[in-house]
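**Q** My file is final_28.txt. It has compact mmCIF, C-alpha atoms:
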# COMPACT_ATOMS: atom_id res chain seq x y z
CA MET A 35 27.43 -2.33 0.38
CA ASN A 36 24.41 -3.21 2.55
CA LYS A 37 22.37 -5.94 0.82
CA TYR A 38 19.11 -4.04 1.37
CA LEU A 39 20.48 -0.99 -0.45
CA LEU A 40 21.59 -3.29 -3.25
CA ASN A 41 18.05 -4.68 -3.44
CA LEU A 42 16.69 -1.13 -3.58
CA ILE A 43 19.03 -0.22 -6.43
CA GLY A 44 18.04 -3.40 -8.25
CA VAL A 45 14.34 -2.55 -8.00
CA ILE A 46 14.94 0.92 -9.41
CA LEU A 47 17.00 -0.40 -12.32
CA LEU A 48 14.34 -3.01 -13.03
CA PHE A 49 11.63 -0.40 -13.29
CA TYR A 50 13.70 1.89 -15.49
CA THR A 51 14.87 -0.78 -17.90
CA THR A 52 12.02 -3.25 -18.29
CA HIS A 53 8.79 -2.25 -16.60
CA SER A 54 8.28 1.45 -17.20
CA ILE A 55 7.44 3.87 -19.92
CA ALA A 56 7.94 7.57 -20.31
CA SER A 57 4.78 9.55 -19.76
CA PRO A 58 4.20 13.29 -20.10
CA ASN A 59 1.59 13.06 -17.33
CA CYS A 60 3.70 11.23 -14.75
CA HIS A 61 6.27 13.14 -12.72
CA GLY A 62 8.35 12.34 -9.69
CA ASN A 63 11.81 11.78 -8.31
CA PHE A 64 13.57 8.86 -6.70
CA VAL A 65 13.54 9.44 -2.94
CA ASN A 66 17.08 9.91 -1.69
CA PRO A 67 17.20 8.06 1.67
CA ILE A 68 19.77 10.53 3.01
CA THR A 69 18.85 14.01 1.82
CA ASP A 70 15.07 13.63 1.33
CA VAL A 71 14.30 12.09 4.72
CA CYS A 72 13.47 14.23 7.75
CA TRP A 73 15.79 12.52 10.22
CA SER A 74 14.64 14.71 13.09
CA CYS A 75 11.30 12.87 12.76
CA LEU A 76 12.97 9.88 14.43
CA PHE A 77 12.76 11.64 17.80
CA PRO A 78 11.98 11.68 20.65
CA LEU A 79 13.84 8.52 21.62
CA THR A 80 12.78 7.12 24.99
CA ILE A 81 13.66 4.36 27.43
CA GLY A 82 10.68 3.65 29.60
CA SER A 83 9.11 7.01 30.34
CA SER A 84 12.46 8.85 30.23
CA THR A 85 13.51 10.83 27.18
CA VAL A 86 17.00 9.96 25.93
CA ALA A 87 16.96 12.26 22.89
CA GLY A 88 14.26 14.88 22.62
CA GLY A 89 12.58 16.40 19.62
CA SER A 90 10.25 19.22 18.65
CA LEU A 91 7.31 16.93 17.85
CA SER A 92 4.73 15.57 20.27
CA ASP A 93 5.10 11.97 21.41
CA THR A 94 2.64 9.27 22.40
CA LYS A 95 2.57 7.72 25.85
CA ASN A 96 5.46 5.36 26.58
CA PRO A 97 5.87 2.44 29.03
CA SER A 98 6.35 3.55 32.61
CA LEU A 99 9.14 1.06 33.38
CA PRO A 100 12.50 0.83 31.55
CA ILE A 101 12.71 -2.96 32.03
CA CYS A 102 10.55 -5.44 30.14
CA ALA A 103 10.51 -9.16 29.41
CA CYS A 104 9.45 -11.24 26.41
CA GLY A 105 9.48 -14.85 25.38
CA SER A 106 7.83 -18.17 26.16
CA PRO A 107 8.73 -20.57 27.64
CA VAL A 108 12.15 -18.92 28.00
CA ILE A 109 11.78 -15.32 29.16
CA HIS A 110 14.30 -12.75 27.94
CA PRO A 111 14.66 -9.44 29.79
CA GLY A 112 15.04 -6.28 27.76
CA ILE A 113 14.76 -2.51 27.70
CA SER A 114 11.48 -0.84 26.75
CA THR A 115 12.31 1.63 24.00
CA GLY A 116 10.28 4.11 22.02
CA PHE A 117 11.07 5.89 18.76
CA TRP A 118 9.53 6.80 15.39
CA GLU A 119 10.49 4.90 12.25
CA PRO A 120 9.76 5.32 8.53
CA VAL A 121 7.73 2.31 7.44
CA ALA A 122 6.03 3.18 4.15
CA MET A 123 5.83 5.53 1.20
CA THR A 124 2.78 6.54 -0.78
CA ASP A 125 2.29 7.82 -4.31
CA VAL A 126 -0.79 10.00 -4.83
CA THR A 127 -1.38 10.54 -8.53
CA ARG A 128 -4.04 11.15 -11.16
CA THR A 129 -2.15 9.05 -13.71
CA PRO A 130 -2.77 5.30 -13.42
CA TYR A 131 0.34 3.34 -12.42
CA CYS A 132 2.50 6.47 -12.14
CA MET A 133 5.26 5.51 -9.70
CA VAL A 134 6.03 8.94 -8.29
CA ASN A 135 8.55 7.99 -5.62
CA ILE A 136 10.74 5.80 -7.81
CA GLY A 137 11.52 8.29 -10.51
CA GLY A 138 8.18 9.28 -11.95
CA VAL A 139 7.92 6.30 -14.29
CA GLN A 140 4.67 4.74 -15.44
CA LEU A 141 3.97 1.03 -15.57
CA PRO A 142 2.52 0.01 -18.98
CA MET A 143 -0.68 -1.35 -17.49
CA GLY A 144 -3.16 1.49 -17.13
CA SER A 145 -4.43 2.28 -20.62
CA TYR A 146 -7.88 0.88 -19.77
CA LEU A 147 -8.27 2.91 -16.57
CA GLN A 148 -9.72 6.37 -16.29
CA SER A 149 -7.37 9.12 -15.18
CA GLY A 150 -7.88 10.93 -11.93
CA TYR A 151 -9.28 14.43 -11.96
CA VAL A 152 -9.93 17.64 -10.08
CA GLU A 153 -13.38 19.05 -10.74
CA SER A 154 -14.77 22.43 -9.68
CA ALA A 155 -18.33 22.87 -10.88
CA ASN A 156 -18.87 26.00 -8.82
CA SER A 157 -17.62 27.68 -5.66
CA ASP A 158 -19.65 25.26 -3.52
CA TYR A 159 -18.48 22.03 -5.17
CA ASN A 160 -14.89 20.82 -5.46
CA HIS A 161 -14.25 17.14 -6.03
CA SER A 162 -11.19 15.11 -7.00
CA PHE A 163 -10.05 11.54 -7.53
CA TYR A 164 -6.52 10.13 -7.18
CA TYR A 165 -4.87 6.72 -7.21
CA VAL A 166 -2.61 5.75 -4.31
CA HIS A 167 0.27 3.26 -4.11
CA TRP A 168 1.63 1.92 -0.83
CA TYR A 169 5.29 0.86 -0.63
CA LYS A 170 7.00 -0.97 2.18
CA TYR A 171 9.96 1.24 3.13
CA PRO A 172 11.72 -0.02 6.31
CA LEU A 173 14.61 2.40 6.03
CA LEU A 174 16.01 1.95 9.56
CA TYR A 175 16.22 -1.80 9.01
CA TRP A 176 18.32 -1.28 5.89
CA ILE A 177 20.85 1.11 7.34
CA LYS A 178 21.08 -0.60 10.76
CA ILE A 179 20.75 2.50 12.93
CA ILE A 180 19.11 0.28 15.55
CA THR A 181 20.56 -3.21 15.69
CA ASP A 182 17.71 -5.10 17.38
CA GLY A 183 15.68 -6.47 14.49
CA MET A 184 12.68 -7.12 16.75
CA CYS A 185 12.30 -3.39 17.18
CA LEU A 186 12.19 -2.53 13.48
CA GLU A 187 9.90 -2.95 10.53
CA SER A 188 11.84 -5.40 8.36
CA GLY A 189 11.95 -6.43 4.72
CA ASP A 190 12.86 -5.00 1.34
CA LEU A 191 11.43 -2.20 -0.74
CA ASP A 192 8.16 -3.59 -2.02
CA ILE A 193 5.03 -2.32 -3.73
CA ALA A 194 2.48 -3.56 -1.25
CA TYR A 195 -0.72 -2.09 -2.72
CA LEU A 196 -1.84 -0.61 -6.04
CA THR A 197 -5.30 0.92 -5.86
CA GLU A 198 -5.66 0.56 -9.64
CA LEU A 199 -6.19 -3.15 -8.94
CA ASP A 200 -8.77 -2.53 -6.22
CA PRO A 201 -12.40 -2.26 -7.46
CA THR A 202 -13.47 -0.57 -4.22
CA TRP A 203 -11.15 2.42 -4.77
CA ASN A 204 -13.37 4.05 -7.37
CA ASP A 205 -16.79 2.88 -6.20
CA ASP A 206 -18.52 4.21 -3.09
CA GLU A 207 -21.00 1.34 -3.00
CA LEU A 208 -18.31 -1.32 -3.06
CA THR A 209 -16.30 0.63 -0.49
CA PHE A 210 -19.29 0.33 1.84
CA LEU A 211 -18.51 -3.38 2.16
CA LEU A 212 -15.15 -2.41 3.68
CA ASN A 213 -16.42 0.36 5.94
CA PRO A 214 -20.17 -0.13 6.67
CA GLU A 215 -19.82 1.95 9.84
CA ALA A 216 -19.47 5.03 7.60
CA LEU A 217 -23.27 5.34 7.81
CA LEU A 218 -22.90 6.35 11.45
CA PHE A 219 -20.68 9.33 10.68
CA GLY A 220 -22.42 10.93 7.73
CA ASN A 221 -24.27 13.45 9.85
CA VAL A 222 -23.69 16.97 11.12
CA LEU A 223 -23.04 15.95 14.73
CA ALA A 224 -20.33 13.42 13.87
CA GLN A 225 -18.63 15.74 11.39
CA SER A 226 -18.72 18.73 13.72
CA ALA A 227 -16.77 16.65 16.25
CA CYS A 228 -13.92 16.61 13.75
CA ALA A 229 -13.23 20.26 14.58
CA ALA A 230 -11.79 19.09 17.90
CA ASP A 231 -9.60 16.57 16.07
CA SER A 232 -8.39 19.31 13.72
CA VAL A 233 -7.30 21.50 16.62
CA ALA A 234 -5.71 18.63 18.53
CA SER A 235 -3.71 17.32 15.57
CA SER A 236 -2.52 20.78 14.57
CA VAL A 237 -1.35 21.55 18.11
CA SER A 238 -0.20 18.16 19.39
CA LEU A 239 -1.58 14.73 18.41
CA PRO A 240 -4.87 13.62 16.80
CA LEU A 241 -7.65 12.17 18.92
CA ASP A 242 -7.81 8.39 18.46
CA THR A 243 -11.35 8.30 19.83
CA LEU A 244 -12.51 10.32 16.80
CA PHE A 245 -11.27 7.62 14.43
CA TRP A 246 -13.52 8.72 11.56
CA CYS A 247 -11.90 12.17 11.39
CA ALA A 248 -8.83 13.25 9.43
CA GLY A 249 -8.45 16.50 11.31
CA ALA A 250 -8.08 19.55 9.07
CA GLN A 251 -8.10 17.36 5.94
CA GLY A 252 -11.69 16.16 6.28
CA GLY A 253 -13.00 12.62 6.89
CA LEU A 254 -11.37 9.21 6.66
CA TYR A 255 -14.56 7.74 5.18
CA PRO A 256 -15.13 6.47 2.59
CA MET A 257 -11.87 4.53 2.22
CA ASN A 258 -11.42 5.27 -1.46
CA GLY A 259 -9.88 7.83 -3.80
CA HIS A 260 -12.75 10.33 -3.93
CA VAL A 261 -12.13 13.62 -2.13
CA GLN A 262 -15.47 15.36 -1.72
CA GLU A 263 -14.03 18.68 -0.55
CA HIS A 264 -10.91 19.31 -2.60
CA VAL A 265 -9.14 22.42 -1.29
CA GLY A 266 -5.80 21.85 -3.03
CA GLY A 267 -3.48 19.13 -4.20
CA VAL A 268 -1.46 19.08 -0.99
CA GLN A 269 -4.57 18.82 1.19
CA ALA A 270 -6.16 16.13 -0.97
CA SER A 271 -3.00 14.02 -1.28
CA THR A 272 -2.36 14.25 2.46
CA LEU A 273 -5.92 13.10 3.17
CA LEU A 274 -5.58 10.14 0.79
CA THR A 275 -2.29 9.10 2.39
CA GLU A 276 -4.06 9.04 5.76
CA ARG A 277 -7.02 7.14 4.29
CA MET A 278 -4.67 4.62 2.73
CA ALA A 279 -3.01 3.97 6.09
CA TYR A 280 -6.47 3.38 7.58
CA LYS A 281 -7.40 1.11 4.67
CA MET A 282 -4.26 -0.98 5.20
CA HIS A 283 -5.23 -1.37 8.87
CA ARG A 284 -8.81 -2.27 8.01
CA GLU A 285 -7.65 -5.00 5.65
CA LEU A 286 -5.19 -6.23 8.33
CA LEU A 287 -2.27 -5.73 5.95
CA ILE A 288 -0.13 -3.81 8.42
CA SER A 289 0.39 -4.23 12.14
CA ASP A 290 1.26 -1.84 14.92
CA SER A 291 3.40 -1.82 18.04
CA VAL A 292 1.06 -0.33 20.62
CA GLY A 293 1.70 -1.72 24.08
CA GLN A 294 2.59 0.50 27.01
CA ASN A 295 3.33 -2.44 29.30
CA SER A 296 4.95 -5.84 28.96
CA PRO A 297 3.99 -8.29 27.42
CA ALA A 298 2.21 -6.05 24.91
CA LEU A 299 5.63 -4.70 23.92
CA CYS A 300 6.58 -8.14 22.62
CA PHE A 301 4.29 -8.47 19.60
CA ASN A 302 2.76 -6.40 16.85
CA PRO A 303 -1.05 -6.68 16.88
CA HIS A 304 -3.26 -6.06 13.86
CA LEU A 305 -5.82 -3.32 14.46
CA ALA A 306 -8.83 -2.73 12.23
CA ILE A 307 -9.14 0.86 13.54
CA ILE A 308 -6.12 3.03 12.87
CA PRO A 309 -4.33 4.51 15.93
CA LYS A 310 -3.90 7.92 14.31
CA SER A 311 -1.75 9.37 17.09
CA ARG A 312 0.99 6.86 16.29
CA TYR A 313 1.53 8.15 12.74
CA ARG A 314 3.39 11.05 11.17
CA TYR A 315 3.94 11.97 7.54
CA GLN A 316 6.35 14.05 5.50
CA MET A 317 6.20 15.02 1.85
CA VAL A 318 8.99 13.66 -0.35
CA ASN A 319 7.60 14.59 -3.80
CA PRO A 320 7.58 17.01 -5.53
CA VAL A 321 9.35 19.02 -2.81
CA PRO A 322 10.72 17.12 0.22
CA THR A 323 9.97 18.63 3.63
CA THR A 324 13.06 18.06 5.74
CA GLY A 325 14.67 19.66 8.77
CA SER A 326 12.86 20.88 11.84
CA GLY A 327 9.11 20.58 11.38
CA GLY A 328 9.43 18.34 8.33
CA CYS A 329 6.97 15.82 9.82
CA ARG A 330 3.43 16.43 10.94
CA PRO A 331 0.82 14.31 12.74
CA PHE A 332 -2.05 12.81 10.81
CA GLY A 333 -4.79 15.42 10.54
CA ALA A 334 -2.59 18.48 11.06
CA THR A 335 -3.42 21.44 8.85
CA THR A 336 -1.48 21.83 5.62
CA THR A 337 -2.05 25.59 5.32
CA THR A 338 1.12 26.37 7.29
CA TRP A 339 3.47 24.66 4.83
CA GLU A 340 1.74 23.80 1.54
CA ALA A 341 2.82 26.97 -0.33
CA GLY A 342 5.37 26.04 -3.00
CA HIS A 343 4.70 22.29 -2.70
CA GLU A 344 2.22 22.00 -5.57
CA ILE A 345 3.82 22.93 -8.87
CA PRO A 346 1.49 23.31 -11.89
CA PHE A 347 1.77 20.39 -14.32
CA THR A 348 5.11 18.94 -13.14
CA GLY A 349 4.30 18.90 -9.41
CA GLU A 350 0.74 17.60 -9.33
CA ASP A 351 1.81 14.05 -8.44
CA PHE A 352 2.68 13.68 -4.77
CA GLY A 353 4.76 11.37 -2.62
CA PHE A 354 4.82 10.93 1.15
CA LEU A 355 6.96 9.08 3.67
CA VAL A 356 4.89 7.58 6.49
CA TRP A 357 6.41 7.34 9.99
CA ARG A 358 4.99 5.17 12.77
CA LYS A 359 5.67 5.11 16.51
CA ARG A 360 7.46 2.01 17.70
CA ASN A 361 7.38 0.78 21.29
CA CYS A 362 9.18 -2.50 21.86
CA CYS A 363 11.24 -4.60 24.23
CA ALA A 364 14.83 -4.45 22.93
CA PHE A 365 17.11 -7.31 23.93
Would you mind writing the structure in this file as structure tokens?
**A**
Amino acid sequence: MNKYLLNLIGVILLFYTTHSIASPNCHGNFVNPITDVCWSCLFPLTIGSSTVAGGSLSDTKNPSLPICACGSPVIHPGISTGFWEPVAMTDVTRTPYCMVNIGGVQLPMGSYLQSGYVESANSDYNHSFYYVHWYKYPLLYWIKIITDGMCLESGDLDIAYLTELDPTWNDDELTFLLNPEALLFGNVLAQSACAADSVASSVSLPLDTLFWCAGAQGGLYPMNGHVQEHVGGVQASTLLTERMAYKMHRELLISDSVGQNSPALCFNPHLAIIPKSRYRYQMVNPVPTTGSGGCRPFGATTTTWEAGHEIPFTGEDFGFLVWRKRNCCAF
């Protein structure tokens, strides 16, 4: 059996046997890497600007030439490829340390933390707060669909970020230290521009120039767990998954493969501003969205698919699989 799958099984057994407790408020399912993953989200697959295997989802711009070269001082020629890969999972939960995507178990660490909430004071005010966990999930690297390791996110299943341990996640003033530019976008003009991002992301791809917008979900600022305009659990959890991806970029904890021309195809730069157009998401908990249309760009409206994906009591914890566009020079 592949050693990475063995590591994955070991992590799950470890959580179930030694580091978890049963909780009536924590629900979830282990993500099956075969049946719960939208494999059509891998496409389109390109070489240069030519499409080798098409798909129904919009694609970012790819390198114009099929040939590339990397290396110094020895230069290695390669083929410029483009595809989408699953790189991370997120839990979005109101229960501290509830590990939604690895079976709905709760780590015995959160008794001193407040629970998340959904609050509706009146028809004009809907507010919520959730915790988010970010897992490394380089699925393609484990199953060796693409053999060139340079072109894949590598590593094992790992819990990369727990917002319960982050004091900025529940404090707008502390969050300001991470995103001081939020002051520039708290006005009517900046927020009205997000309507264009909502349309663009729902039809094709989000607008990277409007980096403060989360399309139909709202705004990416502040980078914490407070949702000021809570429409529903699916909308709020989708927004917080997108915010978490931005937060990981801002803290330089994840990199991106962004180049359209060599030698930019040869390394993965760290970007403090998220390139939204290079991300997709799919729900994996409580109800996986698979098959055609299982993935959606960041900022796309949830109204077309959210029905039946928020189940009272048992389905109010959410899990998402995050896909990222990969352009690289494959040897």
**Q** Would you list the contacts of Arg128 of chain A as a PyMOL selection string, taking every protein, DNA or RNA residue within 8 Å and counting all atoms listed in the file, but skipping same-chain residues closer than 4 positions in sequence?
**A** chain A and resi 149-151+163-165+351
**Q** One decimal, Å: what's the distance from atom CA of Ala224 of chain A over to atom CA of Leu241 of chain A, could you say?
**A**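 So the two atoms, atom CA of Ala224 of chain A and atom CA of Leu241 of chain A, lie 13.7 Å apart.
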**Q** Atom CA of Pro172 of chain A to atom CA of Trp246 of chain A: how many Å, to one decimal?
**A**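 Those two atoms sit 27.2 Å apart.
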**Q** Under the rule that only C-alpha atoms are counted, which of A:Gln262, A:Thr348, A:Ser92, A:Thr275 is the nearest residue to Val321 of chain A?
**A**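 Smallest distance to Val321 of chain A is found for A:Thr348.
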**Q** So the first atom is atom CA of Asn319 of chain A and the second is atom CA of Phe352 of chain A; what is the distance between them in Å, to one decimal place?
**A**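 Interatomic distance here is 5.1 Å.
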**Q** Using all atoms listed in the file, which of A:Pro331, A:Gly259, A:Pro303, A:Pro67 sits nearest Val166 of chain A?
**A**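 Closest to Val166 of chain A of all the choices is A:Gly259.
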**Q** Between A:Pro322, A:Cys362, A:Thr85, A:Tyr169, which is the closest to Ser291 of chain A once you count only C-alpha atoms?
**A** A:Cys362
**Q** Fewer than 6 positions away in the same chain doesn't count, so skip those; otherwise give me all residues within 12 Å of Gly327 of chain A, counting only C-alpha atoms, as a PDB file with C-alpha atoms, in the coordinates of the input.
**A**
ATOM      1  CA  VAL A  71      14.300  12.090   4.720  1.00  0.00           C
ATOM      2  CA  CYS A  72      13.470  14.230   7.750  1.00  0.00           C
ATOM      3  CA  TRP A  73      15.790  12.520  10.220  1.00  0.00           C
ATOM      4  CA  SER A  74      14.640  14.710  13.090  1.00  0.00           C
ATOM      5  CA  CYS A  75      11.300  12.870  12.760  1.00  0.00           C
ATOM      6  CA  LEU A  76      12.970   9.880  14.430  1.00  0.00           C
ATOM      7  CA  PHE A  77      12.760  11.640  17.800  1.00  0.00           C
ATOM      8  CA  GLY A  89      12.580  16.400  19.620  1.00  0.00           C
ATOM      9  CA  SER A  90      10.250  19.220  18.650  1.00  0.00           C
ATOM     10  CA  LEU A  91       7.310  16.930  17.850  1.00  0.00           C
ATOM     11  CA  SER A  92       4.730  15.570  20.270  1.00  0.00           C
ATOM     12  CA  ARG A 314       3.390  11.050  11.170  1.00  0.00           C
ATOM     13  CA  TYR A 315       3.940  11.970   7.540  1.00  0.00           C
ATOM     14  CA  GLN A 316       6.350  14.050   5.500  1.00  0.00           C
ATOM     15  CA  MET A 317       6.200  15.020   1.850  1.00  0.00           C
ATOM     16  CA  ALA A 334      -2.590  18.480  11.060  1.00  0.00           C
ATOM     17  CA  THR A 338       1.120  26.370   7.290  1.00  0.00           C
ATOM     18  CA  TRP A 339       3.470  24.660   4.830  1.00  0.00           C
TER      19      TRP A 339
END
**Q** Between A:Leu287, A:Val268, A:Ala227, A:Cys132, which is the closest to Tyr195 of chain A once you count only C-alpha atoms?
**A** A:Leu287
**Q** Starting from 6 Å padding per side, set up an axis-aligned box that covers all listed atoms of segment 313-324 of chain A and hand over centre and edge lengths in Å, one decimal, as lines of an AutoDock Vina configuration file.
**A**
center_x = 7.3
center_y = 13.6
center_z = 3.6
size_x = 23.5
size_y = 22.9
size_z = 30.3
**Q** Can you list, as a list of chain:residue names, every protein, DNA or RNA residue that comes within 7 Å of Gly116 of chain A when you count only C-alpha atoms, leaving out same-chain residues fewer than 4 positions away?
**A**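 Here the qualifying residues turn out to be A:Leu79, A:Thr80, A:Ile81, A:Asn96, A:Arg360, A:Asn361, A:Cys362.
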**Q** Might you pull out every residue within 6 Å of Tyr280 of chain A, with only C-alpha atoms counted and same-chain residues fewer than 3 positions away left off, and present them as a ChimeraX atom specification?
**A** /A:277,283,308
**Q** Between A:Ala270, A:Val139, A:Cys363, A:Leu217, which one has atoms that come closest to Asn59 of chain A, using all atoms listed in the file?
**A** A:Val139
